[in-house]
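J.: Provided below: final17.tsv, containing TSV, C-alpha atoms and all ligand atoms.
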```tsv
chain	number	residue	atom	x	y	z
Y	1	MET	CA	100.52	132.36	77.58
Y	2	LEU	CA	103.62	130.19	77.89
Y	3	THR	CA	103.40	126.74	79.53
Y	4	PHE	CA	105.67	123.73	79.83
Y	5	PRO	CA	103.73	120.47	79.14
Y	6	ASN	CA	105.65	117.86	81.12
Y	7	ALA	CA	105.98	114.14	80.56
Y	8	LYS	CA	104.85	111.31	82.86
Y	9	LEU	CA	106.20	107.97	83.99
Y	10	ASN	CA	104.13	104.83	84.57
Y	11	LEU	CA	105.03	102.93	87.74
Y	12	GLY	CA	103.62	99.49	86.99
Y	13	LEU	CA	101.05	98.77	84.30
Y	14	HIS	CA	98.65	95.82	84.34
Y	15	ILE	CA	96.66	95.13	81.19
Y	16	ILE	CA	93.75	93.22	82.62
Y	17	ALA	CA	91.20	92.66	79.85
Y	18	LYS	CA	90.15	93.74	76.37
Y	19	ARG	CA	86.93	95.75	76.38
Y	20	PRO	CA	84.09	95.52	73.86
Y	21	ASP	CA	85.05	99.02	72.58
Y	22	GLY	CA	88.53	97.75	71.60
Y	23	TYR	CA	90.31	99.55	74.46
Y	24	HIS	CA	91.92	97.71	77.37
Y	25	GLU	CA	91.09	97.69	81.07
Y	26	LEU	CA	94.18	98.88	82.95
Y	27	GLU	CA	95.68	99.37	86.34
Y	28	THR	CA	98.66	101.71	86.33
Y	29	SER	CA	100.07	104.70	88.12
Y	30	PHE	CA	101.15	108.00	86.63
Y	31	VAL	CA	103.70	110.35	88.15
Y	32	PRO	CA	104.77	113.65	86.60
Y	33	LEU	CA	108.28	113.79	85.12
Y	34	PRO	CA	110.05	117.16	84.84
Y	35	TRP	CA	110.97	116.75	81.14
Y	36	ALA	CA	108.84	119.19	79.16
Y	37	ASP	CA	107.92	120.78	75.84
Y	38	ALA	CA	107.22	124.54	75.63
Y	39	LEU	CA	103.83	125.70	74.37
Y	40	GLU	CA	102.92	129.32	73.70
Y	41	VAL	CA	99.27	130.19	73.02
Y	42	LEU	CA	98.32	133.75	72.07
Y	43	PRO	CA	95.18	135.33	70.59
Y	44	THR	CA	95.91	135.99	66.89
Y	45	PRO	CA	97.15	139.53	66.21
Y	46	ASN	CA	94.60	141.86	64.56
Y	47	ALA	CA	91.89	139.22	65.08
Y	48	ALA	CA	93.23	137.14	62.15
Y	49	PRO	CA	90.65	134.42	61.40
Y	50	ASP	CA	92.78	131.25	61.32
Y	51	THR	CA	94.36	129.32	64.15
Y	52	THR	CA	98.00	128.52	63.39
Y	53	LEU	CA	100.60	126.18	64.86
Y	54	ALA	CA	104.35	126.67	64.43
Y	55	LEU	CA	106.50	123.66	65.32
Y	56	THR	CA	110.15	123.70	66.33
Y	57	GLY	CA	112.44	121.19	68.02
Y	58	ARG	CA	111.93	117.43	67.63
Y	59	PRO	CA	109.89	116.68	64.45
Y	60	VAL	CA	106.30	115.58	65.17
Y	61	PRO	CA	105.09	113.01	62.61
Y	62	GLY	CA	101.75	113.44	60.87
Y	63	ALA	CA	99.85	116.28	59.22
Y	64	LEU	CA	99.68	119.54	61.20
Y	65	ALA	CA	95.89	119.18	61.63
Y	66	THR	CA	96.46	115.90	63.52
Y	67	ASN	CA	98.59	117.64	66.13
Y	68	LEU	CA	96.89	117.26	69.49
Y	69	CYS	CA	97.23	121.01	70.19
Y	70	LEU	CA	95.06	121.78	67.13
Y	71	LYS	CA	92.70	118.90	67.97
Y	72	ALA	CA	92.23	120.49	71.41
Y	73	TYR	CA	91.36	123.80	69.75
Y	74	ALA	CA	88.92	122.12	67.32
Y	75	LEU	CA	87.17	120.32	70.18
Y	76	LEU	CA	86.49	123.60	72.02
Y	77	LYS	CA	85.60	125.47	68.82
Y	78	ALA	CA	82.84	122.90	68.14
Y	79	ASP	CA	81.18	123.83	71.46
Y	80	PHE	CA	82.13	127.55	71.46
Y	81	PRO	CA	81.67	128.73	67.84
Y	82	ALA	CA	82.65	132.29	68.81
Y	83	LEU	CA	86.05	131.14	70.11
Y	84	PRO	CA	88.61	133.57	68.63
Y	85	ALA	CA	91.51	132.19	66.60
Y	86	ALA	CA	94.78	131.48	68.35
Y	87	GLN	CA	98.45	131.50	67.41
Y	88	LEU	CA	100.32	128.48	68.80
Y	89	HIS	CA	104.00	127.68	68.97
Y	90	LEU	CA	105.04	124.22	70.19
Y	91	HIS	CA	108.71	123.57	70.84
Y	92	LYS	CA	108.88	119.76	71.01
Y	93	VAL	CA	111.43	118.31	73.42
Y	94	VAL	CA	109.91	115.09	74.81
Y	95	PRO	CA	110.47	112.10	72.48
Y	96	ILE	CA	107.44	110.83	70.59
Y	97	GLY	CA	106.10	107.27	70.87
Y	98	ALA	CA	108.06	106.98	74.09
Y	99	GLY	CA	105.38	106.10	76.63
Y	100	LEU	CA	106.03	109.49	78.23
Y	101	GLY	CA	102.64	110.95	77.24
Y	102	GLY	CA	104.13	113.98	75.52
Y	103	GLY	CA	101.31	114.46	73.01
Y	104	SER	CA	98.65	114.08	75.69
Y	105	ALA	CA	100.44	116.65	77.87
Y	106	ASP	CA	100.49	119.15	74.99
Y	107	ALA	CA	96.74	118.64	74.50
Y	108	ALA	CA	95.95	119.11	78.21
Y	109	PHE	CA	98.09	122.25	78.51
Y	110	ALA	CA	96.57	123.64	75.29
Y	111	LEU	CA	93.04	123.14	76.66
Y	112	ARG	CA	93.98	124.96	79.86
Y	113	SER	CA	95.62	127.80	77.93
Y	114	PHE	CA	92.52	128.33	75.72
Y	115	ASN	CA	90.34	128.27	78.84
Y	116	ASP	CA	92.53	130.94	80.48
Y	117	ILE	CA	93.25	133.31	77.59
Y	118	PHE	CA	89.70	133.28	76.21
Y	119	GLY	CA	87.99	133.32	79.65
Y	120	LEU	CA	85.85	130.24	78.96
Y	121	GLN	CA	85.50	129.61	82.71
Y	122	LEU	CA	85.43	125.84	82.28
Y	123	ALA	CA	85.58	124.08	85.64
Y	124	PRO	CA	88.27	121.42	86.22
Y	125	ALA	CA	85.74	118.58	85.70
Y	126	GLN	CA	84.65	120.09	82.36
Y	127	LEU	CA	88.27	120.45	81.20
Y	128	ALA	CA	88.86	116.81	82.19
Y	129	THR	CA	85.89	115.70	80.05
Y	130	TYR	CA	87.40	117.46	77.02
Y	131	ALA	CA	90.83	115.99	77.82
Y	132	ARG	CA	89.47	112.41	77.95
Y	133	ARG	CA	88.16	112.84	74.42
Y	134	LEU	CA	91.68	113.62	73.20
Y	135	GLY	CA	93.47	110.66	74.80
Y	136	ALA	CA	93.04	108.15	77.60
Y	137	ASP	CA	95.85	109.60	79.73
Y	138	CYS	CA	95.33	113.25	78.75
Y	139	ALA	CA	93.31	114.33	81.82
Y	140	PHE	CA	96.17	113.26	84.13
Y	141	PHE	CA	98.17	116.29	82.97
Y	142	LEU	CA	95.53	118.75	84.21
Y	143	GLU	CA	96.18	117.90	87.88
Y	144	ASN	CA	99.69	116.48	87.37
Y	145	THR	CA	99.88	114.72	90.74
Y	146	PRO	CA	100.61	110.99	91.35
Y	147	VAL	CA	97.52	108.89	90.67
Y	148	LEU	CA	96.41	105.30	90.40
Y	149	ALA	CA	94.62	104.98	87.06
Y	150	THR	CA	92.01	102.34	86.21
Y	151	GLY	CA	89.36	101.84	83.51
Y	152	LYS	CA	90.87	102.85	80.14
Y	153	GLY	CA	93.62	104.53	82.18
Y	154	ASP	CA	91.38	107.59	82.50
Y	155	GLU	CA	89.83	107.11	85.96
Y	156	PHE	CA	92.08	108.50	88.66
Y	157	GLU	CA	92.44	108.13	92.41
Y	158	PRO	CA	95.09	110.05	94.33
Y	159	LEU	CA	98.12	107.96	95.27
Y	160	PRO	CA	99.94	108.83	98.50
Y	161	LEU	CA	103.32	108.42	96.82
Y	162	ASP	CA	106.01	110.96	97.60
Y	163	LEU	CA	108.99	110.44	95.33
Y	164	ARG	CA	110.17	114.06	95.49
Y	165	GLY	CA	113.96	114.23	95.46
Y	166	THR	CA	114.32	110.72	93.98
Y	167	PRO	CA	117.14	110.64	91.37
Y	168	TYR	CA	116.01	109.35	87.98
Y	169	VAL	CA	117.39	108.62	84.52
Y	170	VAL	CA	115.09	108.27	81.50
Y	171	VAL	CA	116.55	106.71	78.35
Y	172	TRP	CA	114.84	106.91	74.96
Y	173	PRO	CA	116.58	104.27	72.84
Y	174	GLY	CA	116.28	106.09	69.52
Y	175	VAL	CA	113.18	104.25	68.33
Y	176	GLY	CA	109.51	105.10	68.89
Y	177	ILE	CA	106.77	102.53	69.54
Y	178	SER	CA	103.17	103.26	68.58
Y	179	THR	CA	100.78	102.83	71.51
Y	180	ALA	CA	98.20	101.01	69.35
Y	181	GLU	CA	100.90	98.58	68.09
Y	182	ALA	CA	102.05	97.88	71.65
Y	183	TYR	CA	98.49	97.04	72.78
Y	184	ARG	CA	98.10	94.67	69.83
Y	185	ARG	CA	101.10	92.64	71.11
Y	186	VAL	CA	99.75	92.14	74.65
Y	187	ARG	CA	97.78	89.20	76.04
Y	188	PRO	CA	95.61	90.63	78.86
Y	189	GLN	CA	95.75	88.83	82.23
Y	190	ALA	CA	94.69	89.34	85.85
Y	191	PRO	CA	97.51	90.98	87.87
Y	192	GLN	CA	99.44	88.98	90.49
Y	193	HIS	CA	99.83	91.92	92.90
Y	194	SER	CA	97.72	94.92	93.82
Y	195	LEU	CA	99.67	97.85	92.40
Y	196	ARG	CA	98.41	100.21	95.12
Y	197	GLN	CA	99.72	97.82	97.80
Y	198	VAL	CA	103.15	97.27	96.23
Y	199	LEU	CA	103.67	101.00	95.58
Y	200	ALA	CA	102.95	101.69	99.27
Y	201	GLU	CA	106.11	99.74	100.13
Y	202	PRO	CA	109.66	101.17	99.91
Y	203	LEU	CA	111.31	101.68	96.51
Y	204	ALA	CA	113.90	98.99	97.37
Y	205	THR	CA	111.14	96.33	97.29
Y	206	TRP	CA	109.68	97.22	93.88
Y	207	ARG	CA	112.11	95.30	91.64
Y	208	GLY	CA	110.28	92.28	90.15
Y	209	ARG	CA	107.02	93.30	91.89
Y	210	VAL	CA	106.07	96.56	90.16
Y	211	VAL	CA	105.49	95.13	86.70
Y	212	ASN	CA	104.73	96.73	83.33
Y	213	ASP	CA	102.98	94.09	81.18
Y	214	PHE	CA	104.20	95.78	77.98
Y	215	GLU	CA	107.79	94.73	78.77
Y	216	GLU	CA	107.20	91.03	78.14
Y	217	ALA	CA	104.94	91.69	75.14
Y	218	LEU	CA	107.47	94.00	73.43
Y	219	ALA	CA	110.64	92.03	74.30
Y	220	PRO	CA	110.83	89.85	71.15
Y	221	ALA	CA	110.47	92.80	68.74
Y	222	TYR	CA	112.48	95.33	70.80
Y	223	PRO	CA	115.38	93.57	72.62
Y	224	VAL	CA	116.95	97.00	73.24
Y	225	LEU	CA	114.38	97.67	76.00
Y	226	ALA	CA	115.68	94.86	78.25
Y	227	GLU	CA	119.28	95.87	77.47
Y	228	VAL	CA	118.71	99.44	78.66
Y	229	LYS	CA	116.86	98.23	81.77
Y	230	GLN	CA	119.72	95.87	82.58
Y	231	GLN	CA	122.24	98.73	82.16
Y	232	LEU	CA	120.26	100.90	84.57
Y	233	TYR	CA	120.27	98.15	87.19
Y	234	ALA	CA	123.99	97.58	86.59
Y	235	ALA	CA	124.47	101.32	87.24
Y	236	GLY	CA	122.84	101.00	90.66
Y	237	ALA	CA	119.18	101.83	90.03
Y	238	ALA	CA	116.90	100.61	92.85
Y	239	PHE	CA	114.10	100.16	90.32
Y	240	ALA	CA	114.01	100.24	86.51
Y	241	SER	CA	111.12	99.80	84.09
Y	242	LEU	CA	109.64	100.57	80.73
Y	243	SER	CA	107.31	103.60	80.87
Y	244	GLY	CA	103.82	103.05	79.46
Y	245	SER	CA	103.88	101.39	76.05
Y	246	GLY	CA	107.54	102.40	75.55
Y	247	SER	CA	110.02	102.95	74.23
Y	248	ALA	CA	111.47	104.99	77.11
Y	249	VAL	CA	113.03	103.05	79.97
Y	250	PHE	CA	113.72	104.73	83.31
Y	251	GLY	CA	115.69	104.04	86.46
Y	252	LEU	CA	115.05	105.37	89.97
Y	253	TRP	CA	117.78	105.59	92.62
Y	254	GLU	CA	117.41	105.87	96.39
Y	255	ARG	CA	117.17	109.47	97.65
Y	256	GLY	CA	120.61	110.94	98.26
Y	257	ALA	CA	122.34	108.55	95.81
Y	258	THR	CA	124.71	110.11	93.30
Y	259	LEU	CA	123.86	109.22	89.71
Y	260	PRO	CA	126.78	107.42	88.08
Y	261	PRO	CA	128.18	108.79	84.81
Y	262	LEU	CA	126.31	106.92	82.05
Y	263	SER	CA	127.01	107.11	78.36
Y	264	TRP	CA	124.62	106.01	75.65
Y	265	PRO	CA	125.06	105.67	71.89
Y	266	SER	CA	123.60	108.14	69.40
Y	267	PRO	CA	120.66	108.68	68.67
Y	268	TYR	CA	119.54	107.85	72.22
Y	269	ALA	CA	118.02	110.76	74.19
Y	270	VAL	CA	118.65	110.81	77.93
Y	271	TRP	CA	117.18	112.97	80.67
Y	272	GLN	CA	118.14	112.85	84.33
Y	273	GLY	CA	117.57	114.75	87.53
Y	274	LEU	CA	115.46	114.61	90.67
Y	275	LEU	CA	111.71	113.88	90.69
U	1	LIG	C1	99.84	103.10	77.13
U	1	LIG	C2	99.52	104.31	77.95
U	1	LIG	C3	99.75	103.90	79.39
U	1	LIG	O1	99.79	105.00	80.24
U	1	LIG	O2	100.32	105.43	77.70
U	1	LIG	P1	101.51	105.71	76.62
U	1	LIG	O3	102.50	104.64	76.79
U	1	LIG	O4	100.92	105.72	75.25
U	1	LIG	O5	102.05	107.05	77.00
U	1	LIG	C4	98.05	104.74	77.76
U	1	LIG	O6	97.19	103.66	78.00
U	1	LIG	C5	97.80	105.29	76.38
U	1	LIG	O7	97.04	106.42	76.51
U	1	LIG	P2	96.84	107.41	75.23
U	1	LIG	O8	98.17	107.58	74.54
U	1	LIG	O9	96.16	108.62	75.73
U	1	LIG	O10	95.94	106.48	74.35
U	1	LIG	P3	94.83	106.88	73.25
U	1	LIG	O11	95.38	107.94	72.37
U	1	LIG	O12	93.52	107.10	73.93
U	1	LIG	O13	94.74	105.49	72.46
U	1	LIG	C6	95.70	105.07	71.51
U	1	LIG	C7	95.42	103.61	71.18
U	1	LIG	O14	95.88	102.78	72.26
U	1	LIG	C8	94.99	101.69	72.49
U	1	LIG	N1	94.50	101.75	73.89
U	1	LIG	C9	94.67	102.87	74.64
U	1	LIG	C10	94.28	102.90	75.97
U	1	LIG	C11	93.68	101.72	76.50
U	1	LIG	N2	93.27	101.68	77.77
U	1	LIG	N3	93.52	100.62	75.74
U	1	LIG	C12	93.92	100.61	74.43
U	1	LIG	O15	93.79	99.58	73.75
U	1	LIG	C13	93.89	101.83	71.46
U	1	LIG	O16	94.27	101.02	70.37
U	1	LIG	C14	93.95	103.28	71.04
U	1	LIG	O17	93.52	103.45	69.72
U	2	LIG	N1	101.87	117.51	70.10
U	2	LIG	C1	102.19	116.23	69.86
U	2	LIG	N2	103.30	115.70	70.41
U	2	LIG	C2	103.61	114.39	70.19
U	2	LIG	N3	102.92	113.57	69.42
U	2	LIG	C3	101.80	114.05	68.85
U	2	LIG	C4	101.40	115.40	69.04
U	2	LIG	N4	100.26	115.59	68.36
U	2	LIG	C5	99.97	114.44	67.77
U	2	LIG	N5	100.88	113.50	68.04
U	2	LIG	C6	100.86	112.10	67.59
U	2	LIG	O1	100.68	111.26	68.76
U	2	LIG	C7	101.44	110.07	68.65
U	2	LIG	C8	102.42	109.90	69.83
U	2	LIG	O2	101.95	110.47	70.97
U	2	LIG	P1	102.81	110.47	72.30
U	2	LIG	O3	101.93	110.99	73.38
U	2	LIG	O4	104.13	111.10	72.11
U	2	LIG	O5	103.05	108.94	72.51
U	2	LIG	P2	103.51	108.25	73.80
U	2	LIG	O6	102.53	108.61	74.86
U	2	LIG	O7	103.52	106.79	73.48
U	2	LIG	O8	104.88	108.77	74.04
U	2	LIG	C9	102.19	110.18	67.33
U	2	LIG	O9	101.44	109.49	66.36
U	2	LIG	C10	102.18	111.65	67.00
U	2	LIG	O10	102.22	111.92	65.64
```
Output the file's structure as structure tokens, nothing else.

T.:
Amino acid sequence: MLTFPNAKLNLGLHIIAKRPDGYHELETSFVPLPWADALEVLPTPNAAPDTTLALTGRPVPGALATNLCLKAYALLKADFPALPAAQLHLHKVVPIGAGLGGGSADAAFALRSFNDIFGLQLAPAQLATYARRLGADCAFFLENTPVLATGKGDEFEPLPLDLRGTPYVVVWPGVGISTAEAYRRVRPQAPQHSLRQVLAEPLATWRGRVVNDFEEALAPAYPVLAEVKQQLYAAGAAFASLSGSGSAVFGLWERGATLPPLSWPSPYAVWQGLL
């Protein structure tokens, strides 16, 4: 089974409080971004006993066993001991440590592939429970529709936000930022605006009102983030922001606008198109 685990963008991100379990209470929104890895999951040929993962494309740091695709398999195997072995191939495209949720997307798509090819018949709510155990934002990628996320960023409500056809540019500035490190730099605070309310207003009104709290917290250590954001505004973006805990910065243009030619230094990675 071949799937294309896509990335996400965060539109606004309020870090409201630190919880007793060490996680943070959030308010954010997730929208799917059509920038994707490719993940093939097959039953092993001749019923070979071991699950394998071949990696191509962008290097994924860490030991193979820590790859979220294999962690997804291990989680199901613990509950379904008779689960046959699988042969996985992940072609990594989405930058890592980018705030684009690439690892979480791989995990969610892997869970769904195991469910389908091995006929586990897990209902959507059961798959979401497994996904939450793999990462706070992982369950978003099962439905992949715009949501407002609260709690640890794992409780979702549908968001009536239709950005289809909106031109976007996503810039990864050649450096990854660990999510845990980014949270350590933030001072939680109550938000000034209700994100749901501000996102209900036109894109043209979002600048300065749809706020990602990680931007201020990361600015001293990563000045490149503000530089890229400024360049996107200079190029005519209606709204620009850091995604999640960074390091990717994106710009959104009004529907029908033509994206200007933009050039970025190596080793930046850039993706653009229509949402
Ligand atoms: C920041 C966000 C915003 O959408 O996304 P990314 O920028 O990573 O894509 C998410 O909160 C990331 O979700 P996810 O990447 O699934 O996080 P996890 O693997 O569960 O947690 C990684 C680490 O981030 C911190 N963490 C995560 C979520 C949260 N609500 N509070 C936290 O403090 C914890 O230190 C945790 O150990
Ligand atoms: N399949 C995977 N793709 C990307 N990162 C993965 C994967 N499996 C495990 N990881 C680990 O997850 C971390 C980054 O996850 P990722 O979701 O890309 O971060 P972010 O959401 O901030 O972009 C890294 O430590 C990386 O080694």

J.: Residues within 10 Å of ligand LIG 2 (chain U), counting all atoms listed in the file: report them as a VMD selection string.

T.: chain Y and resid 5 7 to 9 37 39 55 58 to 72 90 to 107 110 134 to 138 176 to 180 182 243 to 248

J.: Once 8 Å is added on each side, what are the centre and the three edge lengths, in Å to one decimal, of the axis-aligned box enclosing the listed atoms of ligand LIG 1 (chain U)? Present them as lines of an AutoDock Vina configuration file.

T.:
```
center_x = 97.9
center_y = 104.1
center_z = 75.0
size_x = 25.2
size_y = 25.0
size_z = 26.5
```

J.: Between Y:Leu122, Y:Leu259, Y:His14, Y:Gly165, single out the one closest to Ala217 of chain Y, counting only C-alpha atoms.

T.: Y:His14

J.: Suppose you want the space between atom CA of Arg207 of chain Y and atom CA of Gln272 of chain Y; what is it in Å?

T.: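 Answer for the atom CA of Arg207 of chain Y to atom CA of Gln272 of chain Y separation: 19.9 Å.
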
J.: Find the residue from Y:Thr52, Y:Ser266, Y:Asn212, Y:Gln121 that sits nearest to Gly12 of chain Y; use only C-alpha atoms when measuring.

T.: Y:Asn212

J.: From the options Y:Ala237, Y:Ala78, Y:Val228, Y:Val147, which residue's atoms come nearest to ligand LIG 1 (chain U), counting only C-alpha atoms and all ligand atoms?

T.: Y:Val147

J.: Find the distance between atom CA of Trp271 of chain Y and atom CA of Arg184 of chain Y and write it in Å to one decimal.

T.: 28.6 Å

J.: Which residues come within 9 Å of Leu76 of chain Y, counting only C-alpha atoms, excluding same-chain residues fewer than 5 positions away, as a PyMOL selection string?

T.: chain Y and resi 71+81+83+111+114+130

J.: Given the choices Y:Leu159, Y:Leu142, Y:Ala36, Y:Ala226, which gets closest to Val198 of chain Y if the distance is worked out from only C-alpha atoms?

T.: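 Using only C-alpha atoms, the shortest distance to Val198 of chain Y belongs to Y:Leu159.
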
J.: What's around Ser241 of chain Y at 8 Å? Count only C-alpha atoms, leave out sequence neighbours fewer than 4 positions away in its own chain, and write the answer as a list in words.

T.: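 In the requested form, the answer reads Leu11, Val211, Asn212, Lys229, Val249, Phe250 and Gly251 of chain Y.
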
J.: How about saving the chosen residues, C-alpha atoms kept, as a PDB file, keeping the file's coordinate frame?

T.:
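Just written: out-v2.pdb:
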```pdb
ATOM      1  CA  LEU Y  11     105.030 102.930  87.740  1.00  0.00           C
ATOM      2  CA  VAL Y 211     105.490  95.130  86.700  1.00  0.00           C
ATOM      3  CA  ASN Y 212     104.730  96.730  83.330  1.00  0.00           C
ATOM      4  CA  LYS Y 229     116.860  98.230  81.770  1.00  0.00           C
ATOM      5  CA  VAL Y 249     113.030 103.050  79.970  1.00  0.00           C
ATOM      6  CA  PHE Y 250     113.720 104.730  83.310  1.00  0.00           C
ATOM      7  CA  GLY Y 251     115.690 104.040  86.460  1.00  0.00           C
TER       8      GLY Y 251
END
```

J.: Tell me, in Å to one decimal, how far atom CA of Leu13 of chain Y is from atom CA of Tyr233 of chain Y.

T.: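 Computed distance, atom CA of Leu13 of chain Y to atom CA of Tyr233 of chain Y, equals 19.4 Å.
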
J.: Around (91.7, 132.9, 71.0), as given in the file, which residues come within 9 Å? Count only C-alpha atoms and list them as a ChimeraX atom specification.

T.: /Y:41-44,47,51,83-87,114,117-118

J.: Between Y:Thr258, Y:Asn6, Y:Ser29, Y:Gln197, single out the one closest to Pro146 of chain Y, counting only C-alpha atoms.

T.: Y:Ser29
